[in-house]
file query.pdb (PDB, C-alpha atoms)
MODEL        1
ATOM      1  CA  ARG R 290       9.342  13.764  14.570  1.00  0.00           C
ATOM      2  CA  SER R 291      12.873  14.236  13.328  1.00  0.00           C
ATOM      3  CA  ALA R 292      11.653  14.443   9.731  1.00  0.00           C
ATOM      4  CA  THR R 293       9.026  17.020  10.646  1.00  0.00           C
ATOM      5  CA  GLU R 294      11.718  19.078  12.392  1.00  0.00           C
ATOM      6  CA  SER R 295      13.878  19.052   9.255  1.00  0.00           C
ATOM      7  CA  PHE R 296      11.156  19.626   6.657  1.00  0.00           C
ATOM      8  CA  ASP R 297       8.146  21.938   6.527  1.00  0.00           C
ATOM      9  CA  ARG R 298       5.921  19.147   5.245  1.00  0.00           C
ATOM     10  CA  VAL R 299       6.138  15.367   5.343  1.00  0.00           C
ATOM     11  CA  LEU R 300       4.151  12.870   3.325  1.00  0.00           C
ATOM     12  CA  PHE R 301       4.121   9.286   4.533  1.00  0.00           C
ATOM     13  CA  LEU R 302       3.532   6.720   1.823  1.00  0.00           C
ATOM     14  CA  SER R 303       2.499   3.202   2.770  1.00  0.00           C
ATOM     15  CA  ALA R 304       1.019   0.437   0.670  1.00  0.00           C
ATOM     16  CA  HIS R 305       0.950  -2.107   3.490  1.00  0.00           C
ATOM     17  CA  GLY R 306      -2.510  -2.472   5.011  1.00  0.00           C
ATOM     18  CA  GLY R 307      -1.041  -3.574   8.319  1.00  0.00           C
ATOM     19  CA  ASN R 308       0.447  -0.108   8.740  1.00  0.00           C
ATOM     20  CA  ALA R 309      -2.864   1.747   8.380  1.00  0.00           C
ATOM     21  CA  GLY R 310      -3.721   2.002  12.083  1.00  0.00           C
ATOM     22  CA  PRO R 311      -0.291   3.005  13.396  1.00  0.00           C
ATOM     23  CA  LEU R 312       0.204   5.413  10.505  1.00  0.00           C
ATOM     24  CA  ALA R 313      -3.156   7.108  11.133  1.00  0.00           C
ATOM     25  CA  ALA R 314      -2.274   7.457  14.824  1.00  0.00           C
ATOM     26  CA  ALA R 315       1.138   8.965  14.015  1.00  0.00           C
ATOM     27  CA  VAL R 316      -0.365  11.449  11.546  1.00  0.00           C
ATOM     28  CA  ALA R 317      -3.072  12.444  14.038  1.00  0.00           C
ATOM     29  CA  ARG R 318      -0.491  13.022  16.775  1.00  0.00           C
ATOM     30  CA  LEU R 319       1.868  15.020  14.555  1.00  0.00           C
ATOM     31  CA  ARG R 320      -0.976  17.151  13.206  1.00  0.00           C
ATOM     32  CA  ALA R 321      -2.199  17.792  16.753  1.00  0.00           C
ATOM     33  CA  GLU R 322       1.317  19.086  17.435  1.00  0.00           C
ATOM     34  CA  GLY R 323       0.908  21.525  14.552  1.00  0.00           C
ATOM     35  CA  ARG R 324       3.038  19.690  12.028  1.00  0.00           C
ATOM     36  CA  ASP R 325       2.024  19.620   8.365  1.00  0.00           C
ATOM     37  CA  VAL R 326       1.943  15.904   7.656  1.00  0.00           C
ATOM     38  CA  ARG R 327      -0.224  13.663   5.552  1.00  0.00           C
ATOM     39  CA  ALA R 328      -0.360  10.013   4.697  1.00  0.00           C
ATOM     40  CA  PHE R 329      -1.040   8.470   1.319  1.00  0.00           C
ATOM     41  CA  ALA R 330      -2.104   4.866   0.944  1.00  0.00           C
ATOM     42  CA  PRO R 331      -2.589   3.771  -2.637  1.00  0.00           C
ATOM     43  CA  ARG R 332      -5.925   2.157  -3.358  1.00  0.00           C
ATOM     44  CA  PHE R 333      -5.562  -0.263  -6.186  1.00  0.00           C
ATOM     45  CA  GLY R 334      -8.161  -2.831  -5.237  1.00  0.00           C
ATOM     46  CA  GLY R 335      -7.563  -6.396  -6.155  1.00  0.00           C
ATOM     47  CA  ASP R 336      -6.353  -9.043  -3.807  1.00  0.00           C
ATOM     48  CA  ALA R 337      -4.510  -8.280  -0.633  1.00  0.00           C
ATOM     49  CA  HIS R 338      -1.178 -10.099  -0.598  1.00  0.00           C
ATOM     50  CA  ALA R 339       0.883 -11.635  -3.408  1.00  0.00           C
ATOM     51  CA  GLY R 340      -2.196 -12.094  -5.582  1.00  0.00           C
ATOM     52  CA  ARG R 341      -2.874 -10.775  -9.054  1.00  0.00           C
ATOM     53  CA  THR R 342      -2.446  -7.089  -8.219  1.00  0.00           C
ATOM     54  CA  GLU R 343       0.894  -7.231  -6.407  1.00  0.00           C
ATOM     55  CA  THR R 344       2.235  -9.904  -8.736  1.00  0.00           C
ATOM     56  CA  SER R 345       1.355  -7.781 -11.764  1.00  0.00           C
ATOM     57  CA  LEU R 346       3.167  -4.799 -10.249  1.00  0.00           C
ATOM     58  CA  LEU R 347       6.247  -6.901  -9.577  1.00  0.00           C
ATOM     59  CA  LEU R 348       6.157  -8.484 -13.034  1.00  0.00           C
ATOM     60  CA  HIS R 349       6.379  -4.945 -14.399  1.00  0.00           C
ATOM     61  CA  LEU R 350       8.924  -3.545 -11.927  1.00  0.00           C
ATOM     62  CA  ARG R 351      11.130  -6.498 -10.958  1.00  0.00           C
ATOM     63  CA  PRO R 352      10.154  -9.619 -12.904  1.00  0.00           C
ATOM     64  CA  ARG R 353      13.137 -11.611 -11.611  1.00  0.00           C
ATOM     65  CA  LEU R 354      11.633 -11.483  -8.115  1.00  0.00           C
ATOM     66  CA  VAL R 355       8.493 -13.342  -9.217  1.00  0.00           C
ATOM     67  CA  ARG R 356       8.662 -17.098  -8.899  1.00  0.00           C
ATOM     68  CA  PRO R 357       6.766 -18.864 -11.684  1.00  0.00           C
ATOM     69  CA  GLY R 358       4.039 -21.348 -10.897  1.00  0.00           C
ATOM     70  CA  ALA R 359       2.454 -19.667  -7.889  1.00  0.00           C
ATOM     71  CA  GLU R 360      -0.913 -21.126  -7.022  1.00  0.00           C
ATOM     72  CA  PRO R 361      -3.930 -19.253  -5.698  1.00  0.00           C
ATOM     73  CA  GLY R 362      -4.151 -18.674  -1.987  1.00  0.00           C
ATOM     74  CA  ASP R 363      -7.222 -17.749   0.008  1.00  0.00           C
ATOM     75  CA  THR R 364      -9.513 -15.854  -2.360  1.00  0.00           C
ATOM     76  CA  ARG R 365     -12.203 -14.809   0.110  1.00  0.00           C
ATOM     77  CA  PRO R 366     -12.884 -11.069   0.404  1.00  0.00           C
ATOM     78  CA  LEU R 367     -10.468  -9.210   2.679  1.00  0.00           C
ATOM     79  CA  ALA R 368     -13.267  -8.125   5.022  1.00  0.00           C
ATOM     80  CA  GLU R 369     -13.996 -11.775   5.686  1.00  0.00           C
ATOM     81  CA  LEU R 370     -10.323 -12.547   6.359  1.00  0.00           C
ATOM     82  CA  LEU R 371      -9.454  -9.554   8.546  1.00  0.00           C
ATOM     83  CA  PRO R 372     -10.289 -10.997  11.974  1.00  0.00           C
ATOM     84  CA  ALA R 373      -8.075 -14.054  11.407  1.00  0.00           C
ATOM     85  CA  LEU R 374      -5.364 -11.934   9.741  1.00  0.00           C
ATOM     86  CA  ARG R 375      -5.208  -9.617  12.727  1.00  0.00           C
ATOM     87  CA  ARG R 376      -4.955 -12.529  15.128  1.00  0.00           C
ATOM     88  CA  GLY R 377      -2.447 -14.693  13.282  1.00  0.00           C
ATOM     89  CA  GLY R 378      -1.099 -12.990  10.179  1.00  0.00           C
ATOM     90  CA  VAL R 379      -1.289 -14.226   6.595  1.00  0.00           C
ATOM     91  CA  THR R 380      -0.334 -17.796   7.450  1.00  0.00           C
ATOM     92  CA  ALA R 381      -3.458 -18.064   9.607  1.00  0.00           C
ATOM     93  CA  VAL R 382      -5.599 -17.958   6.458  1.00  0.00           C
ATOM     94  CA  SER R 383      -3.237 -18.999   3.674  1.00  0.00           C
ATOM     95  CA  PRO R 384      -0.514 -21.651   4.061  1.00  0.00           C
ATOM     96  CA  ASN R 385       1.221 -20.481   0.858  1.00  0.00           C
ATOM     97  CA  GLY R 386       1.164 -16.818   1.965  1.00  0.00           C
ATOM     98  CA  ILE R 387      -1.010 -15.674  -0.943  1.00  0.00           C
ATOM     99  CA  LEU R 388      -4.277 -13.811  -0.567  1.00  0.00           C
ATOM    100  CA  GLY R 389      -5.850 -13.932  -3.992  1.00  0.00           C
ATOM    101  CA  ASP R 390      -4.964 -15.539  -7.284  1.00  0.00           C
ATOM    102  CA  PRO R 391      -1.702 -14.544  -9.005  1.00  0.00           C
ATOM    103  CA  THR R 392      -2.135 -16.890 -11.962  1.00  0.00           C
ATOM    104  CA  ALA R 393      -3.566 -14.215 -14.293  1.00  0.00           C
ATOM    105  CA  ALA R 394      -1.029 -11.527 -13.348  1.00  0.00           C
ATOM    106  CA  SER R 395       0.808  -9.731 -16.143  1.00  0.00           C
ATOM    107  CA  ALA R 396       3.499  -7.113 -16.563  1.00  0.00           C
ATOM    108  CA  ALA R 397       1.142  -5.095 -18.790  1.00  0.00           C
ATOM    109  CA  GLU R 398      -1.440  -4.950 -16.012  1.00  0.00           C
ATOM    110  CA  GLY R 399       1.290  -3.910 -13.570  1.00  0.00           C
ATOM    111  CA  ASP R 400       2.391  -1.122 -15.913  1.00  0.00           C
ATOM    112  CA  ALA R 401      -1.162   0.211 -16.187  1.00  0.00           C
ATOM    113  CA  LEU R 402      -1.662  -0.072 -12.431  1.00  0.00           C
ATOM    114  CA  LEU R 403       1.531   1.827 -11.705  1.00  0.00           C
ATOM    115  CA  ASP R 404       0.348   4.651 -13.971  1.00  0.00           C
ATOM    116  CA  VAL R 405      -2.917   4.861 -12.009  1.00  0.00           C
ATOM    117  CA  LEU R 406      -1.100   4.800  -8.667  1.00  0.00           C
ATOM    118  CA  ALA R 407       1.319   7.530  -9.771  1.00  0.00           C
ATOM    119  CA  ALA R 408      -1.561   9.716 -10.997  1.00  0.00           C
ATOM    120  CA  ASP R 409      -3.421   9.210  -7.701  1.00  0.00           C
ATOM    121  CA  LEU R 410      -0.326  10.189  -5.723  1.00  0.00           C
ATOM    122  CA  ALA R 411       0.273  13.258  -7.902  1.00  0.00           C
ATOM    123  CA  ALA R 412      -3.364  14.316  -7.421  1.00  0.00           C
ATOM    124  CA  ALA R 413      -3.108  13.884  -3.646  1.00  0.00           C
ATOM    125  CA  VAL R 414       0.045  16.026  -3.531  1.00  0.00           C
ATOM    126  CA  ALA R 415      -1.585  18.672  -5.743  1.00  0.00           C
ATOM    127  CA  ASP R 416      -4.614  18.783  -3.418  1.00  0.00           C
ATOM    128  CA  TRP R 417      -2.285  19.173  -0.434  1.00  0.00           C
ATOM    129  CA  ARG R 418      -0.467  22.052  -2.135  1.00  0.00           C
ATOM    130  CA  ARG R 419      -3.735  23.826  -2.887  1.00  0.00           C
ATOM    131  CA  ALA R 420      -4.839  23.440   0.725  1.00  0.00           C
ATOM    132  CA  ARG R 421      -1.785  25.308   2.018  1.00  0.00           C
TER     133      ARG R 421
ENDMDL
END
call {"tool": "encode", "arguments": {"input": "query.pdb", "output": "structure tokens"}}
result
Amino acid sequence: RSATESFDRVLFLSAHGGNAGPLAAAVARLRAEGRDVRAFAPRFGGDAHAGRTETSLLLHLRPRLVRPGAEPGDTRPLAELLPALRRGGVTAVSPNGILGDPTAASAAEGDALLDVLAADLAAAVADWRRAR
């Protein structure tokens, strides 16, 4: 609330799937109070946690943070994993903490993905401005 008292509009940005429910509830409450807030969650597909998608982004943005030699984790579709993830977190389905397969990740793919994410965010903000 403090941010919405200081600014006319607030955009929450979250790329962590575990935040989706609480974030949606917060936005709904703040909007019900008459505050101009929105949430943006990038949709980049791919695997859910430390797999090819996230590893590619990190190889582009902060390559020193990526440990070489990561092995695939649980590669089942996220929908299939969600019940166990909600009950016990990532370690409940993947001992190495990876959901997906990071072995084919690349900095070039991360660069291209970041361009798509930035364009999606810019489009969402433009739509919000037009709706005002």
call {"tool": "resolve_selection", "arguments": {"input": "query.pdb", "expression": "the PyMOL selection byres ((chain R and resi 339-341) around 10)", "output": "PDB file with C-alpha atoms, in the frame of the given file"}}
result
ATOM      1  CA  GLY R 335      -7.563  -6.396  -6.155  1.00  0.00           C
ATOM      2  CA  ASP R 336      -6.353  -9.043  -3.807  1.00  0.00           C
ATOM      3  CA  ALA R 337      -4.510  -8.280  -0.633  1.00  0.00           C
ATOM      4  CA  HIS R 338      -1.178 -10.099  -0.598  1.00  0.00           C
ATOM      5  CA  THR R 342      -2.446  -7.089  -8.219  1.00  0.00           C
ATOM      6  CA  GLU R 343       0.894  -7.231  -6.407  1.00  0.00           C
ATOM      7  CA  THR R 344       2.235  -9.904  -8.736  1.00  0.00           C
ATOM      8  CA  SER R 345       1.355  -7.781 -11.764  1.00  0.00           C
ATOM      9  CA  LEU R 346       3.167  -4.799 -10.249  1.00  0.00           C
ATOM     10  CA  LEU R 347       6.247  -6.901  -9.577  1.00  0.00           C
ATOM     11  CA  VAL R 355       8.493 -13.342  -9.217  1.00  0.00           C
ATOM     12  CA  ALA R 359       2.454 -19.667  -7.889  1.00  0.00           C
ATOM     13  CA  GLU R 360      -0.913 -21.126  -7.022  1.00  0.00           C
ATOM     14  CA  PRO R 361      -3.930 -19.253  -5.698  1.00  0.00           C
ATOM     15  CA  GLY R 362      -4.151 -18.674  -1.987  1.00  0.00           C
ATOM     16  CA  ASP R 363      -7.222 -17.749   0.008  1.00  0.00           C
ATOM     17  CA  THR R 364      -9.513 -15.854  -2.360  1.00  0.00           C
ATOM     18  CA  ASN R 385       1.221 -20.481   0.858  1.00  0.00           C
ATOM     19  CA  GLY R 386       1.164 -16.818   1.965  1.00  0.00           C
ATOM     20  CA  ILE R 387      -1.010 -15.674  -0.943  1.00  0.00           C
ATOM     21  CA  LEU R 388      -4.277 -13.811  -0.567  1.00  0.00           C
ATOM     22  CA  GLY R 389      -5.850 -13.932  -3.992  1.00  0.00           C
ATOM     23  CA  ASP R 390      -4.964 -15.539  -7.284  1.00  0.00           C
ATOM     24  CA  PRO R 391      -1.702 -14.544  -9.005  1.00  0.00           C
ATOM     25  CA  THR R 392      -2.135 -16.890 -11.962  1.00  0.00           C
ATOM     26  CA  ALA R 393      -3.566 -14.215 -14.293  1.00  0.00           C
ATOM     27  CA  ALA R 394      -1.029 -11.527 -13.348  1.00  0.00           C
ATOM     28  CA  SER R 395       0.808  -9.731 -16.143  1.00  0.00           C
ATOM     29  CA  GLU R 398      -1.440  -4.950 -16.012  1.00  0.00           C
ATOM     30  CA  GLY R 399       1.290  -3.910 -13.570  1.00  0.00           C
TER      31      GLY R 399
END
call {"tool": "resolve_selection", "arguments": {"input": "query.pdb", "expression": "the PyMOL selection byres ((chain R and resi 370) around 12)", "output": "VMD selection string"}}
result
chain R and resid 336 to 338 363 to 369 371 to 383 388 to 389
call {"tool": "write_last_selection", "arguments": {"input": "query.pdb", "atoms": "C-alpha atoms", "output": "mmCIF file, in the frame of the given file"}}
result
data_model
loop_
_atom_site.group_PDB
_atom_site.id
_atom_site.type_symbol
_atom_site.label_atom_id
_atom_site.label_comp_id
_atom_site.auth_asym_id
_atom_site.auth_seq_id
_atom_site.Cartn_x
_atom_site.Cartn_y
_atom_site.Cartn_z
ATOM 1 C CA ASP R 336 -6.353 -9.043 -3.807
ATOM 2 C CA ALA R 337 -4.510 -8.280 -0.633
ATOM 3 C CA HIS R 338 -1.178 -10.099 -0.598
ATOM 4 C CA ASP R 363 -7.222 -17.749 0.008
ATOM 5 C CA THR R 364 -9.513 -15.854 -2.360
ATOM 6 C CA ARG R 365 -12.203 -14.809 0.110
ATOM 7 C CA PRO R 366 -12.884 -11.069 0.404
ATOM 8 C CA LEU R 367 -10.468 -9.210 2.679
ATOM 9 C CA ALA R 368 -13.267 -8.125 5.022
ATOM 10 C CA GLU R 369 -13.996 -11.775 5.686
ATOM 11 C CA LEU R 371 -9.454 -9.554 8.546
ATOM 12 C CA PRO R 372 -10.289 -10.997 11.974
ATOM 13 C CA ALA R 373 -8.075 -14.054 11.407
ATOM 14 C CA LEU R 374 -5.364 -11.934 9.741
ATOM 15 C CA ARG R 375 -5.208 -9.617 12.727
ATOM 16 C CA ARG R 376 -4.955 -12.529 15.128
ATOM 17 C CA GLY R 377 -2.447 -14.693 13.282
ATOM 18 C CA GLY R 378 -1.099 -12.990 10.179
ATOM 19 C CA VAL R 379 -1.289 -14.226 6.595
ATOM 20 C CA THR R 380 -0.334 -17.796 7.450
ATOM 21 C CA ALA R 381 -3.458 -18.064 9.607
ATOM 22 C CA VAL R 382 -5.599 -17.958 6.458
ATOM 23 C CA SER R 383 -3.237 -18.999 3.674
ATOM 24 C CA LEU R 388 -4.277 -13.811 -0.567
ATOM 25 C CA GLY R 389 -5.850 -13.932 -3.992
#
call {"tool": "residues_around", "arguments": {"input": "query.pdb", "residues": "range 413-419 of chain R", "least_positions_apart": "6", "cutoff": "12 Å", "atoms": "all atoms listed in the file", "output": "PDB file with C-alpha atoms, in the coordinates of the input"}}
result
ATOM      1  CA  ARG R 298       5.921  19.147   5.245  1.00  0.00           C
ATOM      2  CA  VAL R 299       6.138  15.367   5.343  1.00  0.00           C
ATOM      3  CA  LEU R 300       4.151  12.870   3.325  1.00  0.00           C
ATOM      4  CA  PHE R 301       4.121   9.286   4.533  1.00  0.00           C
ATOM      5  CA  LEU R 302       3.532   6.720   1.823  1.00  0.00           C
ATOM      6  CA  ASP R 325       2.024  19.620   8.365  1.00  0.00           C
ATOM      7  CA  VAL R 326       1.943  15.904   7.656  1.00  0.00           C
ATOM      8  CA  ARG R 327      -0.224  13.663   5.552  1.00  0.00           C
ATOM      9  CA  ALA R 328      -0.360  10.013   4.697  1.00  0.00           C
ATOM     10  CA  PHE R 329      -1.040   8.470   1.319  1.00  0.00           C
ATOM     11  CA  ALA R 330      -2.104   4.866   0.944  1.00  0.00           C
ATOM     12  CA  PRO R 331      -2.589   3.771  -2.637  1.00  0.00           C
ATOM     13  CA  LEU R 406      -1.100   4.800  -8.667  1.00  0.00           C
ATOM     14  CA  ALA R 407       1.319   7.530  -9.771  1.00  0.00           C
TER      15      ALA R 407
END
call {"tool": "atom_distance", "arguments": {"input": "query.pdb", "atom1": "CA of Leu319 in chain R", "atom2": "CA of Ser303 in chain R"}}
result
16.7 Å
call {"tool": "atom_distance", "arguments": {"input": "query.pdb", "atom1": "CA of Glu322 in chain R", "atom2": "CA of Ser291 in chain R"}}
result
13.2 Å
call {"tool": "atom_distance", "arguments": {"input": "query.pdb", "atom1": "CA of Leu354 in chain R", "atom2": "CA of Pro384 in chain R"}}
result
20.0 Å
call {"tool": "closest_residue", "arguments": {"input": "query.pdb", "among": "R:Gly358, R:Gly334, R:Pro352, R:Gly323", "to": "Val405 in chain R", "atoms": "all atoms listed in the file"}}
result
R:Gly334
call {"tool": "decode", "arguments": {"input": "query.pdb", "residues": "range 305-321 of chain R", "atoms": "N, CA, C and O atoms", "output": "compact mmCIF listing (two decimals), in the first residue's frame"}}
result
# COMPACT_ATOMS: atom_id res chain seq x y z
N HIS R 305 8.43 -15.32 -10.85
CA HIS R 305 8.42 -16.53 -10.04
C HIS R 305 7.01 -17.07 -9.93
O HIS R 305 6.13 -16.42 -9.37
N GLY R 306 6.78 -18.25 -10.49
CA GLY R 306 5.45 -18.85 -10.51
C GLY R 306 4.83 -19.00 -9.14
O GLY R 306 3.61 -18.91 -8.98
N GLY R 307 5.66 -19.22 -8.12
CA GLY R 307 5.14 -19.37 -6.78
C GLY R 307 4.51 -18.10 -6.22
O GLY R 307 3.79 -18.15 -5.23
N ASN R 308 4.77 -16.98 -6.86
CA ASN R 308 4.18 -15.71 -6.41
C ASN R 308 2.85 -15.41 -7.07
O ASN R 308 2.19 -14.43 -6.71
N ALA R 309 2.44 -16.20 -8.05
CA ALA R 309 1.25 -15.87 -8.84
C ALA R 309 -0.01 -15.70 -8.00
O ALA R 309 -0.73 -14.70 -8.16
N GLY R 310 -0.29 -16.62 -7.11
CA GLY R 310 -1.50 -16.53 -6.30
C GLY R 310 -1.50 -15.34 -5.36
O GLY R 310 -2.44 -14.52 -5.38
N PRO R 311 -0.47 -15.18 -4.54
CA PRO R 311 -0.44 -14.02 -3.64
C PRO R 311 -0.43 -12.69 -4.40
O PRO R 311 -1.06 -11.72 -3.96
N LEU R 312 0.25 -12.64 -5.52
CA LEU R 312 0.30 -11.40 -6.29
C LEU R 312 -1.08 -11.06 -6.86
O LEU R 312 -1.52 -9.92 -6.79
N ALA R 313 -1.78 -12.06 -7.38
CA ALA R 313 -3.13 -11.83 -7.90
C ALA R 313 -4.06 -11.35 -6.79
O ALA R 313 -4.88 -10.44 -7.01
N ALA R 314 -3.92 -11.92 -5.61
CA ALA R 314 -4.77 -11.49 -4.48
C ALA R 314 -4.45 -10.05 -4.08
O ALA R 314 -5.37 -9.26 -3.81
N ALA R 315 -3.18 -9.69 -4.05
CA ALA R 315 -2.79 -8.32 -3.69
C ALA R 315 -3.31 -7.32 -4.72
O ALA R 315 -3.85 -6.27 -4.36
N VAL R 316 -3.17 -7.65 -6.00
CA VAL R 316 -3.65 -6.75 -7.06
C VAL R 316 -5.17 -6.60 -6.96
O VAL R 316 -5.70 -5.49 -7.06
N ALA R 317 -5.87 -7.71 -6.75
CA ALA R 317 -7.34 -7.63 -6.63
C ALA R 317 -7.75 -6.74 -5.46
O ALA R 317 -8.66 -5.90 -5.59
N ARG R 318 -7.08 -6.90 -4.33
CA ARG R 318 -7.42 -6.09 -3.16
C ARG R 318 -7.14 -4.61 -3.41
O ARG R 318 -7.96 -3.74 -3.12
N LEU R 319 -5.97 -4.31 -3.95
CA LEU R 319 -5.60 -2.91 -4.19
C LEU R 319 -6.52 -2.27 -5.23
O LEU R 319 -6.91 -1.11 -5.09
N ARG R 320 -6.89 -3.03 -6.25
CA ARG R 320 -7.81 -2.48 -7.26
C ARG R 320 -9.19 -2.24 -6.66
O ARG R 320 -9.85 -1.26 -6.99
N ALA R 321 -9.62 -3.16 -5.79
CA ALA R 321 -10.91 -2.99 -5.11
C ALA R 321 -10.91 -1.73 -4.25
O ALA R 321 -11.97 -1.12 -4.03
